[in-house]
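Below is input35.pdb, holding PDB, C-alpha atoms.
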ATOM      1  CA  MET A  71       9.999 -28.824  32.591  1.00  0.00           C
ATOM      2  CA  ILE A  72       9.705 -25.117  33.376  1.00  0.00           C
ATOM      3  CA  ARG A  73      13.436 -24.697  32.769  1.00  0.00           C
ATOM      4  CA  LEU A  74      13.065 -26.298  29.287  1.00  0.00           C
ATOM      5  CA  ALA A  75      10.140 -24.026  28.447  1.00  0.00           C
ATOM      6  CA  LEU A  76      12.075 -20.929  29.545  1.00  0.00           C
ATOM      7  CA  THR A  77      15.103 -22.048  27.540  1.00  0.00           C
ATOM      8  CA  LEU A  78      12.961 -22.506  24.416  1.00  0.00           C
ATOM      9  CA  ILE A  79      11.372 -19.090  24.882  1.00  0.00           C
ATOM     10  CA  PHE A  80      14.820 -17.524  25.304  1.00  0.00           C
ATOM     11  CA  LEU A  81      16.170 -19.293  22.193  1.00  0.00           C
ATOM     12  CA  ALA A  82      13.145 -18.285  20.128  1.00  0.00           C
ATOM     13  CA  GLY A  83      13.598 -14.675  21.227  1.00  0.00           C
ATOM     14  CA  SER A  84      17.309 -14.803  20.422  1.00  0.00           C
ATOM     15  CA  LEU A  85      16.668 -16.212  16.951  1.00  0.00           C
ATOM     16  CA  ALA A  86      14.012 -13.582  16.267  1.00  0.00           C
ATOM     17  CA  ALA A  87      16.408 -10.844  17.380  1.00  0.00           C
ATOM     18  CA  GLN A  88      19.136 -12.196  15.085  1.00  0.00           C
ATOM     19  CA  GLU A  89      16.768 -12.213  12.121  1.00  0.00           C
ATOM     20  CA  ALA A  90      15.243  -8.800  12.857  1.00  0.00           C
ATOM     21  CA  GLU A  91      15.842  -6.122  10.289  1.00  0.00           C
ATOM     22  CA  PRO A  92      17.636  -2.940  11.247  1.00  0.00           C
ATOM     23  CA  PRO A  93      15.378   0.093  11.803  1.00  0.00           C
ATOM     24  CA  MET A  94      14.256   1.799   8.620  1.00  0.00           C
ATOM     25  CA  ASP A  95      15.775   5.213   8.045  1.00  0.00           C
ATOM     26  CA  TYR A  96      16.277   7.523   5.063  1.00  0.00           C
ATOM     27  CA  GLU A  97      19.491   5.788   3.956  1.00  0.00           C
ATOM     28  CA  ARG A  98      18.096   2.248   4.140  1.00  0.00           C
ATOM     29  CA  LEU A  99      14.852   3.353   2.486  1.00  0.00           C
ATOM     30  CA  GLY A 100      16.915   4.857  -0.338  1.00  0.00           C
ATOM     31  CA  LYS A 101      18.848   1.626  -0.874  1.00  0.00           C
ATOM     32  CA  ILE A 102      15.594  -0.301  -1.214  1.00  0.00           C
ATOM     33  CA  ILE A 103      14.067   2.298  -3.523  1.00  0.00           C
ATOM     34  CA  PHE A 104      17.143   2.353  -5.778  1.00  0.00           C
ATOM     35  CA  ALA A 105      17.034  -1.466  -5.922  1.00  0.00           C
ATOM     36  CA  LEU A 106      13.435  -1.187  -7.165  1.00  0.00           C
ATOM     37  CA  ASP A 107      14.151   1.673  -9.583  1.00  0.00           C
ATOM     38  CA  PRO A 108      17.805   2.442 -10.377  1.00  0.00           C
ATOM     39  CA  GLU A 109      16.647   5.717 -11.953  1.00  0.00           C
ATOM     40  CA  ALA A 110      14.932   6.949  -8.762  1.00  0.00           C
ATOM     41  CA  GLN A 111      15.790  10.487  -7.683  1.00  0.00           C
ATOM     42  CA  PRO A 112      16.272  11.907  -4.182  1.00  0.00           C
ATOM     43  CA  ARG A 113      13.730  14.692  -3.558  1.00  0.00           C
ATOM     44  CA  GLY A 114      14.325  16.617  -0.327  1.00  0.00           C
ATOM     45  CA  PRO A 115      13.420  14.290   2.533  1.00  0.00           C
ATOM     46  CA  GLY A 116      12.229  11.632   0.109  1.00  0.00           C
ATOM     47  CA  PHE A 117      12.480  10.047  -3.292  1.00  0.00           C
ATOM     48  CA  GLN A 118      10.749  10.033  -6.675  1.00  0.00           C
ATOM     49  CA  LEU A 119      10.615   6.624  -8.351  1.00  0.00           C
ATOM     50  CA  THR A 120       8.631   4.806 -10.992  1.00  0.00           C
ATOM     51  CA  VAL A 121       6.842   1.531 -10.301  1.00  0.00           C
ATOM     52  CA  SER A 122       5.087  -0.214 -13.196  1.00  0.00           C
ATOM     53  CA  ASP A 123       5.196   3.016 -15.244  1.00  0.00           C
ATOM     54  CA  VAL A 124       3.554   4.965 -12.390  1.00  0.00           C
ATOM     55  CA  PRO A 125       5.405   7.855 -10.701  1.00  0.00           C
ATOM     56  CA  VAL A 126       5.584   7.437  -6.913  1.00  0.00           C
ATOM     57  CA  LEU A 127       6.690  10.048  -4.395  1.00  0.00           C
ATOM     58  CA  VAL A 128       8.044   8.774  -1.060  1.00  0.00           C
ATOM     59  CA  ILE A 129       8.455  11.314   1.752  1.00  0.00           C
ATOM     60  CA  THR A 130      10.077  10.717   5.130  1.00  0.00           C
ATOM     61  CA  ASP A 131       9.880  12.677   8.355  1.00  0.00           C
ATOM     62  CA  SER A 132      12.492  11.366  10.783  1.00  0.00           C
ATOM     63  CA  ASN A 133      11.311  13.713  13.569  1.00  0.00           C
ATOM     64  CA  ALA A 134       7.810  12.231  13.429  1.00  0.00           C
ATOM     65  CA  ASP A 135       9.171   8.750  12.535  1.00  0.00           C
ATOM     66  CA  ARG A 136       6.772   8.520   9.568  1.00  0.00           C
ATOM     67  CA  MET A 137       6.922   7.814   5.873  1.00  0.00           C
ATOM     68  CA  ARG A 138       4.376   8.292   3.137  1.00  0.00           C
ATOM     69  CA  ALA A 139       4.315   6.883  -0.399  1.00  0.00           C
ATOM     70  CA  MET A 140       1.943   8.736  -2.712  1.00  0.00           C
ATOM     71  CA  VAL A 141       0.639   8.529  -6.266  1.00  0.00           C
ATOM     72  CA  PRO A 142      -1.431  11.395  -7.680  1.00  0.00           C
ATOM     73  CA  ILE A 143      -4.582  10.050  -9.317  1.00  0.00           C
ATOM     74  CA  ARG A 144      -6.599  13.077 -10.447  1.00  0.00           C
ATOM     75  CA  SER A 145      -7.981  16.399  -9.375  1.00  0.00           C
ATOM     76  CA  ALA A 146     -10.371  16.109  -6.456  1.00  0.00           C
ATOM     77  CA  GLU A 147     -12.621  18.628  -8.152  1.00  0.00           C
ATOM     78  CA  GLY A 148     -15.697  16.967  -9.550  1.00  0.00           C
ATOM     79  CA  LEU A 149     -15.571  13.847  -7.387  1.00  0.00           C
ATOM     80  CA  THR A 150     -19.137  12.709  -6.863  1.00  0.00           C
ATOM     81  CA  ALA A 151     -20.709  11.366  -3.704  1.00  0.00           C
ATOM     82  CA  GLU A 152     -20.729   7.965  -5.422  1.00  0.00           C
ATOM     83  CA  ASP A 153     -16.965   8.241  -6.092  1.00  0.00           C
ATOM     84  CA  MET A 154     -16.314   9.095  -2.460  1.00  0.00           C
ATOM     85  CA  HIS A 155     -18.579   6.295  -1.235  1.00  0.00           C
ATOM     86  CA  ARG A 156     -16.825   3.717  -3.408  1.00  0.00           C
ATOM     87  CA  MET A 157     -13.358   4.868  -2.288  1.00  0.00           C
ATOM     88  CA  MET A 158     -14.386   4.616   1.367  1.00  0.00           C
ATOM     89  CA  GLN A 159     -15.665   1.082   0.739  1.00  0.00           C
ATOM     90  CA  ALA A 160     -12.327   0.196  -0.856  1.00  0.00           C
ATOM     91  CA  ASN A 161     -10.405   1.759   2.044  1.00  0.00           C
ATOM     92  CA  PHE A 162     -12.293  -0.648   4.308  1.00  0.00           C
ATOM     93  CA  ASP A 163     -11.676  -3.885   2.423  1.00  0.00           C
ATOM     94  CA  SER A 164      -9.890  -3.936  -0.928  1.00  0.00           C
ATOM     95  CA  ALA A 165      -7.263  -1.173  -0.797  1.00  0.00           C
ATOM     96  CA  LEU A 166      -5.524  -3.074   2.041  1.00  0.00           C
ATOM     97  CA  ASP A 167      -2.547  -1.079   3.413  1.00  0.00           C
ATOM     98  CA  ALA A 168      -2.871   1.675   0.805  1.00  0.00           C
ATOM     99  CA  ARG A 169      -5.615   4.304   1.021  1.00  0.00           C
ATOM    100  CA  TYR A 170      -7.434   6.817  -1.124  1.00  0.00           C
ATOM    101  CA  ALA A 171      -6.898  10.314   0.243  1.00  0.00           C
ATOM    102  CA  ILE A 172      -7.522  13.926  -0.695  1.00  0.00           C
ATOM    103  CA  ALA A 173      -4.979  16.698  -0.099  1.00  0.00           C
ATOM    104  CA  ASN A 174      -4.201  19.982  -1.803  1.00  0.00           C
ATOM    105  CA  GLY A 175      -7.053  19.583  -4.285  1.00  0.00           C
ATOM    106  CA  MET A 176      -5.796  16.180  -5.508  1.00  0.00           C
ATOM    107  CA  LEU A 177      -6.979  12.609  -5.107  1.00  0.00           C
ATOM    108  CA  TRP A 178      -4.058  10.425  -4.038  1.00  0.00           C
ATOM    109  CA  ALA A 179      -3.253   6.793  -3.487  1.00  0.00           C
ATOM    110  CA  ALA A 180      -1.189   6.696  -0.287  1.00  0.00           C
ATOM    111  CA  PHE A 181       0.653   4.267   1.969  1.00  0.00           C
ATOM    112  CA  ILE A 182       1.478   5.753   5.377  1.00  0.00           C
ATOM    113  CA  HIS A 183       3.549   3.924   7.970  1.00  0.00           C
ATOM    114  CA  PRO A 184       5.828   4.591  10.959  1.00  0.00           C
ATOM    115  CA  LEU A 185       9.342   4.796   9.505  1.00  0.00           C
ATOM    116  CA  SER A 186      11.643   2.980  11.935  1.00  0.00           C
ATOM    117  CA  PRO A 187       9.598  -0.253  12.342  1.00  0.00           C
ATOM    118  CA  LEU A 188       8.923  -0.478   8.586  1.00  0.00           C
ATOM    119  CA  GLU A 189      10.378  -3.673   7.150  1.00  0.00           C
ATOM    120  CA  LYS A 190      11.676  -4.077   3.603  1.00  0.00           C
ATOM    121  CA  ASP A 191       8.859  -6.393   2.489  1.00  0.00           C
ATOM    122  CA  GLN A 192       6.224  -4.108   4.067  1.00  0.00           C
ATOM    123  CA  LEU A 193       7.639  -1.175   2.096  1.00  0.00           C
ATOM    124  CA  ILE A 194       7.679  -3.094  -1.172  1.00  0.00           C
ATOM    125  CA  SER A 195       4.155  -4.417  -0.602  1.00  0.00           C
ATOM    126  CA  GLY A 196       2.907  -0.955   0.386  1.00  0.00           C
ATOM    127  CA  LEU A 197       4.407   0.594  -2.757  1.00  0.00           C
ATOM    128  CA  ALA A 198       2.795  -2.081  -4.937  1.00  0.00           C
ATOM    129  CA  GLN A 199      -0.582  -1.664  -3.246  1.00  0.00           C
ATOM    130  CA  THR A 200      -0.386   2.120  -3.673  1.00  0.00           C
ATOM    131  CA  VAL A 201       0.333   1.775  -7.382  1.00  0.00           C
ATOM    132  CA  ASN A 202      -2.429  -0.828  -7.709  1.00  0.00           C
ATOM    133  CA  ILE A 203      -5.143   1.311  -6.122  1.00  0.00           C
ATOM    134  CA  ALA A 204      -4.091   4.224  -8.327  1.00  0.00           C
ATOM    135  CA  LYS A 205      -4.260   2.030 -11.433  1.00  0.00           C
ATOM    136  CA  THR A 206      -7.594   0.437 -10.448  1.00  0.00           C
ATOM    137  CA  TYR A 207      -9.288   3.707  -9.437  1.00  0.00           C
ATOM    138  CA  GLY A 208     -12.625   3.780 -11.237  1.00  0.00           C
ATOM    139  CA  SER A 209     -12.750   0.008 -11.705  1.00  0.00           C
ATOM    140  CA  LEU A 210     -11.727  -2.554  -9.041  1.00  0.00           C
ATOM    141  CA  TYR A 211     -10.325  -0.147  -6.393  1.00  0.00           C
ATOM    142  CA  SER A 212      -7.957  -2.921  -5.353  1.00  0.00           C
ATOM    143  CA  GLY A 213      -4.570  -3.076  -3.664  1.00  0.00           C
ATOM    144  CA  GLY A 214      -3.989  -6.202  -5.716  1.00  0.00           C
ATOM    145  CA  ALA A 215      -3.968  -8.833  -2.998  1.00  0.00           C
ATOM    146  CA  GLN A 216      -6.674 -10.565  -1.020  1.00  0.00           C
ATOM    147  CA  GLN A 217      -9.529  -8.538   0.348  1.00  0.00           C
ATOM    148  CA  PHE A 218     -10.247  -8.021   3.995  1.00  0.00           C
ATOM    149  CA  GLY A 219     -13.597  -9.671   4.681  1.00  0.00           C
ATOM    150  CA  GLY A 220     -16.777  -8.023   5.762  1.00  0.00           C
ATOM    151  CA  GLY A 221     -16.847  -5.188   3.265  1.00  0.00           C
ATOM    152  CA  ASP A 222     -18.783  -4.315   0.132  1.00  0.00           C
ATOM    153  CA  SER A 223     -16.065  -4.591  -2.527  1.00  0.00           C
ATOM    154  CA  ARG A 224     -16.272  -8.342  -3.120  1.00  0.00           C
ATOM    155  CA  ASN A 225     -19.978  -8.145  -3.974  1.00  0.00           C
ATOM    156  CA  LEU A 226     -19.466  -5.066  -6.157  1.00  0.00           C
ATOM    157  CA  GLN A 227     -16.630  -6.801  -8.006  1.00  0.00           C
ATOM    158  CA  ARG A 228     -18.785  -9.927  -8.313  1.00  0.00           C
ATOM    159  CA  ASP A 229     -21.495  -7.763  -9.891  1.00  0.00           C
ATOM    160  CA  LEU A 230     -19.002  -6.835 -12.625  1.00  0.00           C
ATOM    161  CA  ILE A 231     -18.139 -10.493 -13.224  1.00  0.00           C
ATOM    162  CA  ASP A 232     -21.844 -11.416 -13.359  1.00  0.00           C
ATOM    163  CA  GLU A 233     -22.542  -8.544 -15.751  1.00  0.00           C
ATOM    164  CA  LEU A 234     -19.757  -9.665 -18.075  1.00  0.00           C
ATOM    165  CA  LEU A 235     -20.842 -13.294 -17.862  1.00  0.00           C
ATOM    166  CA  LYS A 236     -24.369 -12.261 -18.818  1.00  0.00           C
ATOM    167  CA  LYS A 237     -23.053 -10.310 -21.794  1.00  0.00           C
ATOM    168  CA  GLY A 238     -21.001 -13.360 -22.729  1.00  0.00           C
ATOM    169  CA  GLU A 239     -24.106 -15.558 -22.781  1.00  0.00           C
ATOM    170  CA  GLU A 240     -25.266 -13.730 -25.902  1.00  0.00           C
ATOM    171  CA  ILE A 241     -22.158 -14.767 -27.868  1.00  0.00           C
TER     172      ILE A 241
END
Encoded form (structure tokens):
Amino acid sequence: MIRLALTLIFLAGSLAAQEAEPPMDYERLGKIIFALDPEAQPRGPGFQLTVSDVPVLVITDSNADRMRAMVPIRSAEGLTAEDMHRMMQANFDSALDARYAIANGMLWAAFIHPLSPLEKDQLISGLAQTVNIAKTYGSLYSGGAQQFGGGDSRNLQRDLIDELLKKGEEI
């Protein structure tokens, strides 16, 4: 019985190893990016591409084994405490793997991940979520997929639905 269990564990591990993706690197990342946007452009250690009419900058750092996908949203100047509060709420539950961030005087949507373990579908999902939180800044603040429970976003988004439903009652 133990021998059968060990054999099954070994076979499962072997199958998983056969199906594992190769490590992500600059070249493989580029192939995926050019599949998503044939007009993408190499930019130093990264790429500039367009996803859903939104410009996205992807930067790699092979020495640190990191990558970052970024979308500029607006100047950080003039962000209110309410804006910051809402973005932090979204970072907790509705932005998912993407995040709102501030750097160099700009508000960004960003997806940051270790480079080598990054899988193709994680990259594609992260790019989509980054574009989504940039596009929904000021409204839903959503990565576009399910929300992580326990946060404030669902109730805030429900408030919008209730408000619109109430307005619709008058029609």
Do you have, as a Markdown table, the list of residues of range 144-192 of chain A lying at most 12 Å from range 97-118 of chain A, each with its nearest atom pair and that distance in Å to one decimal, counting all atoms listed in the file and ordered by chain then number?
| residue | atom | partner | partner_atom | distance |
| --- | --- | --- | --- | --- |
| A:Leu185 | CA | A:Leu99 | CA | 9.0 |
| A:Ser186 | CA | A:Leu99 | CA | 10.0 |
| A:Pro187 | CA | A:Leu99 | CA | 11.7 |
| A:Leu188 | CA | A:Leu99 | CA | 9.3 |
| A:Glu189 | CA | A:Leu99 | CA | 9.5 |
| A:Lys190 | CA | A:Ile102 | CA | 7.3 |
| A:Asp191 | CA | A:Ile102 | CA | 9.8 |
| A:Gln192 | CA | A:Ile102 | CA | 11.4 |
Review point. If you measure from CA of Arg156 in chain A to CA of Thr130 in chain A, what distance in Å do you get, rounded to one decimal?
Key: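 Result for CA of Arg156 in chain A versus CA of Thr130 in chain A: 29.1 Å, one decimal.
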Review point. Using the chain letters and numbers from the file, which residues does the PyMOL selection byres ((chain A and resi 141-153) around 6) grab, as a ChimeraX atom specification?
Key: /A:126,140,154-156,175-179,204
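Pairwise distance (CA of Thr200 in chain A, CA of Gly213 in chain A) equals 6.7 Å.
Put simply, CA of Met94 in chain A is 19.3 Å away from CA of Gln199 in chain A.
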